[in-house]
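Trainee: The structure's right below; bear with me while I get my questions together.
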Amino acid sequence: MDFKLTEDRRNELLHRRELTFTVTYNGPTPSRQQVLDKLSALLNLNQNLVVIDSLTTRFGKMEIHGTARLYDNQEIKSQLERPYLLNRGKPKGEQEKGSPAPEEKKVEKEQVKK
C-alpha cells in the first residue's frame, strides 16, 4: 500500500490539520482502519486524534482518494466532530452507546402507536 499526501493545510480556527491523500494498493480495497493505521504510522500521530472524513474509489482503479482531520487534542475533536464519523469503521462492540439499540427503538414506536 503506497501512501501519498496531496495537501496538508492547517486550520488554526478549529485547531486541526486537514489532509488530502491518495492511497495506491494491490489486492482487496483496504478498510478504513487499515488506512487510519497507515496514516498515523506515516505521520507519527496518535490514532485517537485522527478522523477520516471520506474515502472514495473509482471503478477499475486501485486508488483511494481521501480526506482526514488531525486534531490538537481529544476535547476539541469531541466538540467538533459528528458522532457517526467517530464511530465509522470500528467494530460493532467498540462503537459508543450513543444511539439506542434496535429493540429499544421498536418498543418506543409501539408505545407511540397506542
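By order of appearance in the C-alpha cells: chains A, B, ..., then residues from 1 within every chain, and ligands from 1 in the order shown.
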If you count only C-alpha atoms, which residues fall within 10 Å of A:Lys61, apart from same-chain ones fewer than 3 positions away, as a compact mmCIF listing (two decimals) with N, CA and C atoms, in the first residue's frame?

Mentor:
# COMPACT_ATOMS: atom_id res chain seq x y z
N THR A 24 -2.53 4.06 -3.04
CA THR A 24 -2.48 3.10 -4.14
C THR A 24 -2.25 1.72 -3.52
N TYR A 25 -3.03 0.74 -3.93
CA TYR A 25 -2.97 -0.57 -3.30
C TYR A 25 -3.08 -1.67 -4.34
N ASN A 26 -2.68 -2.87 -3.94
CA ASN A 26 -2.83 -4.08 -4.75
C ASN A 26 -3.71 -5.03 -3.97
N THR A 57 -13.29 5.60 -4.05
CA THR A 57 -12.58 4.80 -5.05
C THR A 57 -13.27 4.98 -6.39
N ARG A 58 -12.53 4.67 -7.44
CA ARG A 58 -13.11 4.73 -8.79
C ARG A 58 -13.03 3.33 -9.38
N ILE A 64 -7.39 5.05 -3.80
CA ILE A 64 -8.38 5.64 -2.90
C ILE A 64 -7.97 7.09 -2.71

Trainee: Could you give me, as a PyMOL selection string, each residue of stretch 21-102 of chain A that DSSP assigns to helix (DSSP H, G or I) when run on this structure's backbone?

Mentor: chain A and resi 32-43+47-49+74-80+83-87+92-94+102

Trainee: Store the residues picked out above, limited to C-alpha atoms, as an mmCIF file, in the first residue's frame.

Mentor:
data_model
loop_
_atom_site.group_PDB
_atom_site.id
_atom_site.type_symbol
_atom_site.label_atom_id
_atom_site.label_comp_id
_atom_site.auth_asym_id
_atom_site.auth_seq_id
_atom_site.Cartn_x
_atom_site.Cartn_y
_atom_site.Cartn_z
ATOM 1 C CA ARG A 32 -10.898 2.445 6.984
ATOM 2 C CA GLN A 33 -8.958 1.022 9.939
ATOM 3 C CA GLN A 34 -6.055 -0.044 7.714
ATOM 4 C CA VAL A 35 -5.914 3.421 6.116
ATOM 5 C CA LEU A 36 -6.044 5.048 9.566
ATOM 6 C CA ASP A 37 -3.216 2.791 10.807
ATOM 7 C CA LYS A 38 -1.058 3.628 7.791
ATOM 8 C CA LEU A 39 -1.742 7.375 8.053
ATOM 9 C CA SER A 40 -0.938 7.546 11.751
ATOM 10 C CA ALA A 41 2.208 5.430 11.326
ATOM 11 C CA LEU A 42 3.453 7.567 8.435
ATOM 12 C CA LEU A 43 2.976 10.859 10.288
ATOM 13 C CA GLN A 47 -4.852 7.429 16.228
ATOM 14 C CA ASN A 48 -7.308 8.892 18.746
ATOM 15 C CA LEU A 49 -6.755 12.382 17.303
ATOM 16 C CA GLN A 74 -9.233 14.939 22.244
ATOM 17 C CA GLU A 75 -11.502 17.606 23.762
ATOM 18 C CA ILE A 76 -11.597 19.713 20.593
ATOM 19 C CA LYS A 77 -12.159 16.588 18.487
ATOM 20 C CA SER A 78 -15.179 15.516 20.542
ATOM 21 C CA GLN A 79 -16.673 19.029 20.405
ATOM 22 C CA LEU A 80 -16.350 19.460 16.637
ATOM 23 C CA PRO A 83 -20.604 11.196 16.363
ATOM 24 C CA TYR A 84 -21.242 8.934 13.366
ATOM 25 C CA LEU A 85 -17.830 9.837 11.908
ATOM 26 C CA LEU A 86 -16.135 8.946 15.180
ATOM 27 C CA ASN A 87 -17.805 5.503 15.137
ATOM 28 C CA LYS A 92 -19.791 -3.049 16.468
ATOM 29 C CA GLY A 93 -18.572 -3.824 20.007
ATOM 30 C CA GLU A 94 -16.261 -0.792 20.137
ATOM 31 C CA PRO A 102 -32.848 -1.582 17.637
#

Trainee: Write out as a PyMOL selection string all residues of chain A that backbone DSSP assigns to strand (DSSP E or B).

Mentor: chain A and resi 2-11+16-24+50-57+63-71
